[in-house]
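Novice: My structure file entry-v1.tsv, TSV, C-alpha atoms, is below:
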```tsv
chain	number	residue	atom	x	y	z
A	1244	MET	CA	55.12	162.84	-12.89
A	1245	SER	CA	54.38	160.27	-15.60
A	1246	GLY	CA	53.76	157.33	-13.29
A	1247	VAL	CA	55.26	154.81	-10.93
A	1248	VAL	CA	57.71	152.27	-12.33
A	1249	VAL	CA	56.88	148.68	-11.34
A	1250	LEU	CA	59.83	146.27	-11.07
A	1251	ASN	CA	59.68	142.51	-11.07
A	1252	THR	CA	61.37	140.66	-8.20
A	1253	ASP	CA	64.55	140.42	-10.32
A	1254	ASN	CA	64.52	144.25	-10.68
A	1255	THR	CA	63.54	144.28	-14.36
A	1256	ALA	CA	61.08	147.03	-15.27
A	1257	LEU	CA	57.64	145.69	-16.17
A	1258	HIS	CA	55.54	148.81	-16.75
A	1259	THR	CA	54.33	152.04	-15.19
A	1260	VAL	CA	51.14	152.64	-13.23
A	1261	SER	CA	49.37	155.69	-11.82
A	1262	ILE	CA	49.95	156.74	-8.22
A	1263	PRO	CA	46.44	155.62	-7.11
A	1264	HIS	CA	47.07	152.21	-8.76
A	1265	ALA	CA	50.44	152.00	-6.99
A	1266	ILE	CA	48.79	152.74	-3.63
A	1267	ARG	CA	46.23	149.98	-4.28
A	1268	MET	CA	49.14	147.60	-4.93
A	1269	LEU	CA	50.64	148.59	-1.58
A	1270	VAL	CA	47.31	148.13	0.23
A	1271	ARG	CA	46.92	144.65	-1.33
A	1272	GLU	CA	50.53	143.94	-0.26
A	1273	VAL	CA	51.64	142.78	-3.72
A	1274	ALA	CA	54.47	145.34	-3.89
A	1275	VAL	CA	56.86	147.31	-1.72
A	1276	ILE	CA	58.26	150.80	-2.18
A	1277	GLU	CA	61.79	150.86	-3.57
A	1278	GLU	CA	61.95	154.63	-4.01
A	1279	ALA	CA	59.61	157.42	-2.88
A	1280	VAL	CA	59.27	161.18	-3.18
A	1281	GLU	CA	60.79	162.55	0.00
A	1282	GLY	CA	58.37	164.45	2.22
A	1283	GLU	CA	55.23	163.71	0.15
A	1284	ARG	CA	52.50	161.33	1.24
A	1285	PHE	CA	49.34	159.83	-0.23
A	1286	GLY	CA	47.27	159.06	2.86
A	1287	PRO	CA	49.43	156.93	5.14
A	1288	TYR	CA	51.83	155.98	2.33
A	1289	PRO	CA	54.84	157.86	0.95
A	1290	VAL	CA	54.31	158.84	-2.72
A	1291	PRO	CA	56.10	156.04	-4.60
A	1292	VAL	CA	58.36	156.52	-7.60
A	1293	VAL	CA	59.44	152.87	-7.93
A	1294	LEU	CA	57.67	149.73	-6.66
A	1295	ARG	CA	59.00	146.18	-6.56
A	1296	LEU	CA	56.65	143.22	-6.75
A	1297	LEU	CA	56.79	140.60	-4.00
A	1298	ARG	CA	56.12	137.70	-6.38
A	1299	TYR	CA	57.86	137.07	-9.68
A	1300	VAL	CA	55.72	137.74	-12.76
A	1301	LYS	CA	56.58	135.58	-15.76
A	1302	THR	CA	56.68	137.72	-18.90
A	1303	THR	CA	57.70	135.25	-21.61
A	1304	PHE	CA	54.10	135.05	-22.84
A	1305	LEU	CA	54.18	138.78	-23.57
A	1306	TYR	CA	57.58	139.04	-25.22
A	1307	GLY	CA	57.36	135.77	-27.16
A	1308	ARG	CA	55.37	137.46	-29.92
A	1309	ALA	CA	55.76	140.68	-31.90
A	1310	PRO	CA	54.24	143.89	-30.52
A	1311	THR	CA	50.71	144.70	-31.65
A	1312	TRP	CA	50.54	147.27	-34.44
A	1313	SER	CA	49.14	150.68	-33.54
A	1314	LYS	CA	49.56	154.22	-34.86
A	1315	ARG	CA	51.19	155.28	-31.60
A	1316	ALA	CA	53.66	152.37	-31.78
A	1317	VAL	CA	54.60	153.23	-35.40
A	1318	LEU	CA	55.31	156.81	-34.33
A	1319	ARG	CA	57.49	155.53	-31.46
A	1320	ARG	CA	59.29	153.03	-33.71
A	1321	ASP	CA	60.16	155.80	-36.18
A	1322	ARG	CA	60.92	158.30	-33.38
A	1323	ASN	CA	58.33	160.72	-34.79
A	1324	ARG	CA	60.48	161.37	-37.88
A	1325	CYS	CA	58.97	161.45	-41.35
A	1326	GLY	CA	60.18	158.54	-43.47
A	1327	TYR	CA	60.29	160.78	-46.54
A	1328	CYS	CA	61.79	164.13	-45.46
A	1329	GLY	CA	63.06	163.50	-41.90
A	1330	GLU	CA	61.01	166.32	-40.35
A	1331	ARG	CA	58.78	165.82	-37.30
A	1332	GLY	CA	56.04	163.35	-38.17
A	1333	THR	CA	52.62	163.40	-36.57
A	1334	THR	CA	50.75	160.82	-38.63
A	1335	ILE	CA	51.32	157.53	-40.40
A	1336	ASP	CA	51.43	156.73	-44.10
A	1337	HIS	CA	50.53	153.46	-45.78
A	1338	LEU	CA	53.09	152.45	-48.41
A	1339	LEU	CA	50.39	150.53	-50.25
A	1340	PRO	CA	47.39	152.85	-49.74
A	1341	GLN	CA	44.38	151.53	-47.86
A	1342	SER	CA	42.24	152.33	-50.90
A	1343	ARG	CA	44.24	149.66	-52.76
A	1344	GLY	CA	44.07	147.04	-50.03
A	1345	GLY	CA	47.00	148.19	-47.90
A	1346	ARG	CA	46.63	147.05	-44.31
A	1347	ASN	CA	47.69	148.35	-40.93
A	1348	THR	CA	50.89	146.33	-40.59
A	1349	TRP	CA	54.41	147.10	-39.44
A	1350	LEU	CA	55.82	146.58	-42.93
A	1351	ASN	CA	53.22	148.75	-44.70
A	1352	THR	CA	53.30	151.85	-42.49
A	1353	VAL	CA	55.81	154.59	-41.70
A	1354	CYS	CA	55.71	157.85	-39.78
A	1355	ALA	CA	55.02	160.87	-42.02
A	1356	CYS	CA	54.62	164.60	-41.70
A	1357	GLN	CA	51.37	166.18	-42.87
A	1358	ALA	CA	52.96	167.70	-45.98
A	1359	CYS	CA	54.51	164.43	-47.24
A	1360	ASN	CA	51.40	162.42	-46.38
A	1361	HIS	CA	49.25	164.89	-48.35
A	1362	ARG	CA	51.70	164.98	-51.26
A	1363	LYS	CA	51.84	161.18	-51.55
A	1364	ALA	CA	48.05	160.86	-51.24
A	1365	ALA	CA	46.60	157.54	-52.44
A	1366	ARG	CA	49.68	156.52	-54.42
A	1367	THR	CA	52.69	154.36	-53.73
A	1368	PRO	CA	55.95	156.21	-53.00
A	1369	ALA	CA	57.26	155.30	-56.50
A	1370	GLU	CA	54.12	156.64	-58.19
A	1371	ALA	CA	54.40	159.87	-56.19
A	1372	GLY	CA	58.10	160.20	-57.02
A	1373	MET	CA	59.04	160.14	-53.34
A	1374	THR	CA	62.02	158.36	-51.82
A	1375	LEU	CA	61.49	156.42	-48.62
A	1376	HIS	CA	64.54	156.95	-46.37
A	1377	VAL	CA	63.64	154.28	-43.81
A	1378	VAL	CA	62.97	150.56	-44.07
A	1379	PRO	CA	59.71	149.55	-42.36
A	1380	ARG	CA	60.29	146.73	-39.88
A	1381	VAL	CA	58.71	144.95	-36.96
A	1382	PRO	CA	60.15	146.66	-33.84
A	1383	ALA	CA	61.40	145.11	-30.64
A	1384	TRP	CA	59.16	145.46	-27.57
A	1385	ARG	CA	61.58	147.90	-25.89
A	1386	GLU	CA	61.19	150.32	-28.81
A	1387	VAL	CA	57.43	150.70	-28.48
A	1388	SER	CA	56.72	150.18	-24.77
A	1389	MET	CA	56.80	152.68	-21.93
```
Show this structure as C-alpha coordinates.

Specialist:
Amino acid sequence: MSGVVVLNTDNTALHTVSIPHAIRMLVREVAVIEEAVEGERFGPYPVPVVLRLLRYVKTTFLYGRAPTWSKRAVLRRDRNRCGYCGERGTTIDHLLPQSRGGRNTWLNTVCACQACNHRKAARTPAEAGMTLHVVPRVPAWREVSM
(Lines of atoms letter the chains of each structure in order from A and count residues from 1; the text may use other names and numbers.)
(Lines give C-alpha, C1' and ligand atoms only; values in the text may rest on other atoms or scores of the structure.)
Protein backbone atom coordinates (compact mmCIF):
# COMPACT_ATOMS: atom_id res chain seq x y z
CA MET A 1 0.00 0.00 0.00
CA SER A 2 1.43 3.39 -0.95
CA GLY A 3 -0.19 5.38 1.84
CA VAL A 4 -3.37 6.82 3.24
CA VAL A 5 -5.15 9.52 1.26
CA VAL A 6 -6.03 12.59 3.35
CA LEU A 7 -9.11 14.55 2.27
CA ASN A 8 -10.00 18.08 3.24
CA THR A 9 -13.44 18.70 4.75
CA ASP A 10 -14.77 19.45 1.24
CA ASN A 11 -13.52 15.99 0.10
CA THR A 12 -10.66 17.32 -2.05
CA ALA A 13 -7.49 15.22 -1.82
CA LEU A 14 -4.67 17.01 -0.03
CA HIS A 15 -1.87 14.44 0.13
CA THR A 16 -0.95 10.95 1.30
CA VAL A 17 0.57 9.92 4.62
CA SER A 18 1.95 6.70 6.06
CA ILE A 19 -0.27 4.42 8.13
CA PRO A 20 1.53 5.32 11.41
CA HIS A 21 1.07 9.04 10.59
CA ALA A 22 -2.61 8.39 9.84
CA ILE A 23 -3.05 6.64 13.20
CA ARG A 24 -1.42 9.62 14.97
CA MET A 25 -3.95 11.88 13.22
CA LEU A 26 -6.76 9.69 14.54
CA VAL A 27 -5.32 9.71 18.08
CA ARG A 28 -5.06 13.54 17.97
CA GLU A 29 -8.66 13.59 16.68
CA VAL A 30 -7.86 15.81 13.68
CA ALA A 31 -9.29 13.28 11.18
CA VAL A 32 -11.86 10.52 10.85
CA ILE A 33 -11.75 7.33 8.82
CA GLU A 34 -13.69 7.53 5.56
CA GLU A 35 -12.56 4.14 4.25
CA ALA A 36 -10.64 1.30 5.91
CA VAL A 37 -9.20 -2.10 5.02
CA GLU A 38 -11.83 -4.59 6.12
CA GLY A 39 -10.71 -6.97 8.85
CA GLU A 40 -7.28 -5.35 9.45
CA ARG A 41 -6.41 -3.33 12.52
CA PHE A 42 -3.53 -1.20 13.74
CA GLY A 43 -3.88 -1.42 17.52
CA PRO A 44 -7.43 -0.37 18.37
CA TYR A 45 -7.95 1.34 14.99
CA PRO A 46 -8.99 -0.13 11.64
CA VAL A 47 -6.23 0.26 9.02
CA PRO A 48 -7.30 3.41 7.15
CA VAL A 49 -7.22 3.86 3.38
CA VAL A 50 -8.85 7.32 3.31
CA LEU A 51 -9.03 9.92 6.10
CA ARG A 52 -11.07 13.13 6.17
CA LEU A 53 -9.92 16.11 8.18
CA LEU A 54 -12.30 17.60 10.75
CA ARG A 55 -11.19 21.19 10.08
CA TYR A 56 -10.83 22.81 6.67
CA VAL A 57 -7.23 23.40 5.56
CA LYS A 58 -6.76 26.40 3.29
CA THR A 59 -4.48 25.48 0.40
CA THR A 60 -4.39 28.66 -1.69
CA PHE A 61 -0.94 29.52 -0.31
CA LEU A 62 0.40 26.28 -1.77
CA TYR A 63 -1.23 26.38 -5.18
CA GLY A 64 -0.83 30.12 -5.73
CA ARG A 65 2.75 29.64 -6.93
CA ALA A 66 4.43 27.29 -9.40
CA PRO A 67 5.68 23.91 -8.17
CA THR A 68 9.28 23.78 -6.99
CA TRP A 69 11.68 22.35 -9.56
CA SER A 70 13.17 18.94 -8.81
CA LYS A 71 14.54 16.06 -10.87
CA ARG A 72 11.70 13.83 -9.71
CA ALA A 73 9.11 16.45 -10.72
CA VAL A 74 10.67 16.85 -14.20
CA LEU A 75 10.45 13.08 -14.68
CA ARG A 76 6.79 13.13 -13.61
CA ARG A 77 6.00 16.14 -15.83
CA ASP A 78 7.47 14.34 -18.86
CA ARG A 79 5.95 10.98 -17.83
CA ASN A 80 9.41 9.37 -17.82
CA ARG A 81 9.67 9.70 -21.62
CA CYS A 82 12.85 10.94 -23.28
CA GLY A 83 12.33 14.31 -24.94
CA TYR A 84 14.60 13.28 -27.81
CA CYS A 85 13.71 9.67 -28.73
CA GLY A 86 10.53 8.94 -26.72
CA GLU A 87 11.99 5.90 -24.94
CA ARG A 88 11.85 5.45 -21.16
CA GLY A 89 13.82 8.25 -19.52
CA THR A 90 15.58 7.87 -16.20
CA THR A 91 17.52 11.12 -15.96
CA ILE A 92 17.21 14.78 -16.88
CA ASP A 93 19.01 16.80 -19.51
CA HIS A 94 19.80 20.51 -19.44
CA LEU A 95 19.05 22.19 -22.77
CA LEU A 96 21.68 24.81 -22.00
CA PRO A 97 24.33 22.66 -20.28
CA GLN A 98 25.25 23.44 -16.69
CA SER A 99 28.86 23.88 -17.81
CA ARG A 100 27.66 26.90 -19.82
CA GLY A 101 25.54 28.41 -17.07
CA GLY A 102 22.35 26.41 -17.59
CA ARG A 103 20.29 26.25 -14.42
CA ASN A 104 17.89 23.79 -12.87
CA THR A 105 14.67 25.35 -14.14
CA TRP A 106 11.48 23.99 -15.66
CA LEU A 107 12.23 25.60 -19.03
CA ASN A 108 15.85 24.36 -19.22
CA THR A 109 15.35 20.68 -18.35
CA VAL A 110 13.68 17.68 -19.97
CA CYS A 111 13.52 13.97 -19.24
CA ALA A 112 16.14 11.97 -21.17
CA CYS A 113 17.27 8.40 -21.55
CA GLN A 114 20.88 7.54 -20.75
CA ALA A 115 21.82 7.10 -24.42
CA CYS A 116 20.47 10.48 -25.57
CA ASN A 117 21.86 12.27 -22.51
CA HIS A 118 25.31 10.79 -23.21
CA ARG A 119 25.08 11.56 -26.93
CA LYS A 120 24.13 15.21 -26.35
CA ALA A 121 26.82 15.64 -23.68
CA ALA A 122 27.74 19.26 -22.89
CA ARG A 123 26.21 20.70 -26.06
CA THR A 124 22.89 22.28 -26.93
CA PRO A 125 20.43 20.08 -28.85
CA ALA A 126 21.17 22.07 -32.06
CA GLU A 127 24.93 21.60 -31.67
CA ALA A 128 24.43 17.88 -31.11
CA GLY A 129 22.12 17.60 -34.12
CA MET A 130 19.27 16.32 -31.95
CA THR A 131 15.62 17.27 -32.27
CA LEU A 132 13.69 18.00 -29.10
CA HIS A 133 10.18 16.52 -29.46
CA VAL A 134 8.71 18.19 -26.36
CA VAL A 135 8.38 21.80 -25.28
CA PRO A 136 9.68 22.36 -21.73
CA ARG A 137 7.06 24.10 -19.58
CA VAL A 138 6.15 24.86 -16.01
CA PRO A 139 3.71 22.08 -14.98
CA ALA A 140 0.50 22.34 -13.02
CA TRP A 141 0.58 21.09 -9.42
CA ARG A 142 -1.60 18.07 -10.25
CA GLU A 143 1.01 16.84 -12.74
CA VAL A 144 3.85 16.62 -10.23
CA SER A 145 2.14 15.86 -6.90
CA MET A 146 1.14 12.53 -5.42

Novice: Report as an NGL selection string all protein, DNA and RNA residues lying within 7 Å of Arg1298 in chain A, evaluated on all atoms listed in the file, omitting residues in the same chain fewer than 2 positions from it.

Specialist: :A and (1252 or 1296 or 1300)

Novice: Give me the residues within 7 Å of range 1337-1348 of chain A as a ChimeraX atom specification, counting only C-alpha atoms and dropping any in the same chain fewer than 6 places off.

Specialist: /A:1312,1365-1368

Novice: Identify which of the residues A:Ala1369, A:Val1275, A:Val1381, A:Met1268 lies closest to Val1317 in chain A, counting all atoms listed in the file when measuring atom-to-atom distances.

Specialist: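 Nearest to Val1317 in chain A: A:Val1381.
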
Novice: I'd like to know which of A:Ala1309, A:Val1378, A:Ile1266, A:Val1292 is closest to Val1249 in chain A, using all atoms listed in the file.

Specialist: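 Residue with the minimum atom-to-atom distance to Val1249 in chain A: A:Val1292.
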
Novice: Measuring atom to atom with only C-alpha atoms, identify which of A:Asp1253, A:Asn1351, A:Ala1358, A:Ala1371 is nearest to Thr1302 in chain A.

Specialist: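 The closest residue to Thr1302 in chain A is A:Asp1253.
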
Novice: Please provide as a PyMOL selection string all residues within 10 Å of Ile1335 in chain A, with the sequence filter that same-chain residues fewer than 6 positions apart are discarded (counting all atoms listed in the file).

Specialist: chain A and resi 1313-1315+1317-1318+1321+1323+1325-1326+1347+1351-1357+1360

Novice: If we count all atoms listed in the file and set the cut-off at 12 Å, which residues sit around Val1280 in chain A, ignoring sequence neighbours fewer than 4 positions away in its own chain? Please answer as a VMD selection string.

Specialist: chain A and resid 1244 1247 1262 1276 1284 to 1285 1288 to 1293

Novice: Could you work out how far CA of Ser1388 in chain A lies from CA of Leu1257 in chain A, giving the answer in Å with one decimal?

Specialist: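 Atom-to-atom, CA of Leu1257 in chain A and CA of Ser1388 in chain A are spaced 9.7 Å apart.
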
Novice: Counting all atoms listed in the file, which residue out of A:Gly1332, A:Tyr1327, A:Val1270, A:His1361 sits closest to Met1373 in chain A?

Specialist: A:Tyr1327

Novice: Have a look at CA of Thr1334 in chain A and CA of Glu1386 in chain A and let me know their distance in Å, one decimal.

Specialist: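 Answer for the CA of Thr1334 in chain A to CA of Glu1386 in chain A separation: 17.8 Å.
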
Novice: Of the candidates A:Asp1336, A:Val1387, A:Ser1261, A:Leu1297, which one gets nearest to Leu1375 in chain A if we count all atoms listed in the file?

Specialist: A:Asp1336

Novice: Atoms are missing here; could range 1258-1269 of chain A be completed with all heavy atoms and written as a PDB file, in the coordinates of the input?

Specialist:
```
ATOM      1  N   HIS A1258      56.395 147.776 -16.183  1.00  0.00           N
ATOM      2  CA  HIS A1258      55.540 148.810 -16.750  1.00  0.00           C
ATOM      3  C   HIS A1258      55.433 149.971 -15.768  1.00  0.00           C
ATOM      4  O   HIS A1258      56.081 149.962 -14.737  1.00  0.00           O
ATOM      5  CB  HIS A1258      54.159 148.236 -17.099  1.00  0.00           C
ATOM      6  CG  HIS A1258      53.430 147.669 -15.917  1.00  0.00           C
ATOM      7  ND1 HIS A1258      53.712 146.446 -15.389  1.00  0.00           N
ATOM      8  CD2 HIS A1258      52.435 148.169 -15.162  1.00  0.00           C
ATOM      9  CE1 HIS A1258      52.911 146.206 -14.356  1.00  0.00           C
ATOM     10  NE2 HIS A1258      52.135 147.238 -14.195  1.00  0.00           N
ATOM     11  N   THR A1259      54.594 150.942 -16.115  1.00  0.00           N
ATOM     12  CA  THR A1259      54.330 152.040 -15.190  1.00  0.00           C
ATOM     13  C   THR A1259      52.843 152.047 -14.858  1.00  0.00           C
ATOM     14  O   THR A1259      52.017 151.616 -15.661  1.00  0.00           O
ATOM     15  CB  THR A1259      54.715 153.408 -15.786  1.00  0.00           C
ATOM     16  OG1 THR A1259      53.995 153.594 -16.991  1.00  0.00           O
ATOM     17  CG2 THR A1259      56.202 153.480 -16.058  1.00  0.00           C
ATOM     18  N   VAL A1260      52.525 152.531 -13.674  1.00  0.00           N
ATOM     19  CA  VAL A1260      51.140 152.640 -13.230  1.00  0.00           C
ATOM     20  C   VAL A1260      50.935 154.024 -12.618  1.00  0.00           C
ATOM     21  O   VAL A1260      51.899 154.716 -12.285  1.00  0.00           O
ATOM     22  CB  VAL A1260      50.776 151.541 -12.188  1.00  0.00           C
ATOM     23  CG1 VAL A1260      50.857 150.154 -12.790  1.00  0.00           C
ATOM     24  CG2 VAL A1260      51.657 151.642 -10.960  1.00  0.00           C
ATOM     25  N   SER A1261      49.687 154.406 -12.456  1.00  0.00           N
ATOM     26  CA  SER A1261      49.370 155.690 -11.820  1.00  0.00           C
ATOM     27  C   SER A1261      49.637 155.589 -10.320  1.00  0.00           C
ATOM     28  O   SER A1261      49.735 154.497  -9.756  1.00  0.00           O
ATOM     29  CB  SER A1261      47.908 156.050 -12.067  1.00  0.00           C
ATOM     30  OG  SER A1261      47.072 155.123 -11.389  1.00  0.00           O
ATOM     31  N   ILE A1262      49.720 156.736  -9.670  1.00  0.00           N
ATOM     32  CA  ILE A1262      49.950 156.740  -8.220  1.00  0.00           C
ATOM     33  C   ILE A1262      48.806 156.057  -7.470  1.00  0.00           C
ATOM     34  O   ILE A1262      49.058 155.224  -6.597  1.00  0.00           O
ATOM     35  CB  ILE A1262      50.229 158.167  -7.703  1.00  0.00           C
ATOM     36  CG1 ILE A1262      51.587 158.620  -8.247  1.00  0.00           C
ATOM     37  CG2 ILE A1262      50.197 158.225  -6.185  1.00  0.00           C
ATOM     38  CD1 ILE A1262      51.973 160.032  -7.923  1.00  0.00           C
ATOM     39  N   PRO A1263      47.513 156.335  -7.806  1.00  0.00           N
ATOM     40  CA  PRO A1263      46.440 155.620  -7.110  1.00  0.00           C
ATOM     41  C   PRO A1263      46.533 154.092  -7.303  1.00  0.00           C
ATOM     42  O   PRO A1263      46.300 153.328  -6.361  1.00  0.00           O
ATOM     43  CB  PRO A1263      45.166 156.178  -7.733  1.00  0.00           C
ATOM     44  CG  PRO A1263      45.550 157.548  -8.192  1.00  0.00           C
ATOM     45  CD  PRO A1263      46.972 157.418  -8.651  1.00  0.00           C
ATOM     46  N   HIS A1264      46.903 153.650  -8.510  1.00  0.00           N
ATOM     47  CA  HIS A1264      47.070 152.210  -8.760  1.00  0.00           C
ATOM     48  C   HIS A1264      48.213 151.669  -7.901  1.00  0.00           C
ATOM     49  O   HIS A1264      48.100 150.582  -7.310  1.00  0.00           O
ATOM     50  CB  HIS A1264      47.331 151.950 -10.237  1.00  0.00           C
ATOM     51  CG  HIS A1264      47.346 150.497 -10.601  1.00  0.00           C
ATOM     52  ND1 HIS A1264      47.072 150.057 -11.857  1.00  0.00           N
ATOM     53  CD2 HIS A1264      47.604 149.385  -9.885  1.00  0.00           C
ATOM     54  CE1 HIS A1264      47.166 148.733 -11.898  1.00  0.00           C
ATOM     55  NE2 HIS A1264      47.491 148.314 -10.700  1.00  0.00           N
ATOM     56  N   ALA A1265      49.306 152.423  -7.804  1.00  0.00           N
ATOM     57  CA  ALA A1265      50.440 152.000  -6.990  1.00  0.00           C
ATOM     58  C   ALA A1265      50.043 151.866  -5.522  1.00  0.00           C
ATOM     59  O   ALA A1265      50.436 150.908  -4.853  1.00  0.00           O
ATOM     60  CB  ALA A1265      51.586 152.996  -7.144  1.00  0.00           C
ATOM     61  N   ILE A1266      49.246 152.804  -5.029  1.00  0.00           N
ATOM     62  CA  ILE A1266      48.790 152.740  -3.630  1.00  0.00           C
ATOM     63  C   ILE A1266      47.925 151.507  -3.423  1.00  0.00           C
ATOM     64  O   ILE A1266      48.048 150.811  -2.411  1.00  0.00           O
ATOM     65  CB  ILE A1266      48.042 154.038  -3.228  1.00  0.00           C
ATOM     66  CG1 ILE A1266      48.972 155.256  -3.339  1.00  0.00           C
ATOM     67  CG2 ILE A1266      47.451 153.920  -1.836  1.00  0.00           C
ATOM     68  CD1 ILE A1266      50.211 155.204  -2.476  1.00  0.00           C
ATOM     69  N   ARG A1267      47.051 151.204  -4.394  1.00  0.00           N
ATOM     70  CA  ARG A1267      46.230 149.980  -4.280  1.00  0.00           C
ATOM     71  C   ARG A1267      47.108 148.741  -4.235  1.00  0.00           C
ATOM     72  O   ARG A1267      46.808 147.782  -3.515  1.00  0.00           O
ATOM     73  CB  ARG A1267      45.239 149.901  -5.442  1.00  0.00           C
ATOM     74  CG  ARG A1267      44.092 150.898  -5.327  1.00  0.00           C
ATOM     75  CD  ARG A1267      42.969 150.623  -6.307  1.00  0.00           C
ATOM     76  NE  ARG A1267      43.353 150.716  -7.707  1.00  0.00           N
ATOM     77  CZ  ARG A1267      43.358 151.843  -8.424  1.00  0.00           C
ATOM     78  NH1 ARG A1267      43.004 152.983  -7.861  1.00  0.00           N
ATOM     79  NH2 ARG A1267      43.708 151.830  -9.688  1.00  0.00           N
ATOM     80  N   MET A1268      48.210 148.741  -4.978  1.00  0.00           N
ATOM     81  CA  MET A1268      49.140 147.600  -4.930  1.00  0.00           C
ATOM     82  C   MET A1268      49.776 147.475  -3.558  1.00  0.00           C
ATOM     83  O   MET A1268      49.984 146.361  -3.055  1.00  0.00           O
ATOM     84  CB  MET A1268      50.219 147.754  -6.012  1.00  0.00           C
ATOM     85  CG  MET A1268      49.694 147.610  -7.420  1.00  0.00           C
ATOM     86  SD  MET A1268      50.933 147.986  -8.681  1.00  0.00           S
ATOM     87  CE  MET A1268      51.998 146.560  -8.531  1.00  0.00           C
ATOM     88  N   LEU A1269      50.072 148.616  -2.926  1.00  0.00           N
ATOM     89  CA  LEU A1269      50.640 148.590  -1.580  1.00  0.00           C
ATOM     90  C   LEU A1269      49.617 148.100  -0.555  1.00  0.00           C
ATOM     91  O   LEU A1269      49.944 147.319   0.335  1.00  0.00           O
ATOM     92  CB  LEU A1269      51.147 149.984  -1.196  1.00  0.00           C
ATOM     93  CG  LEU A1269      52.350 150.499  -1.990  1.00  0.00           C
ATOM     94  CD1 LEU A1269      52.607 151.958  -1.671  1.00  0.00           C
ATOM     95  CD2 LEU A1269      53.579 149.648  -1.708  1.00  0.00           C
TER      96      LEU A1269
END
```
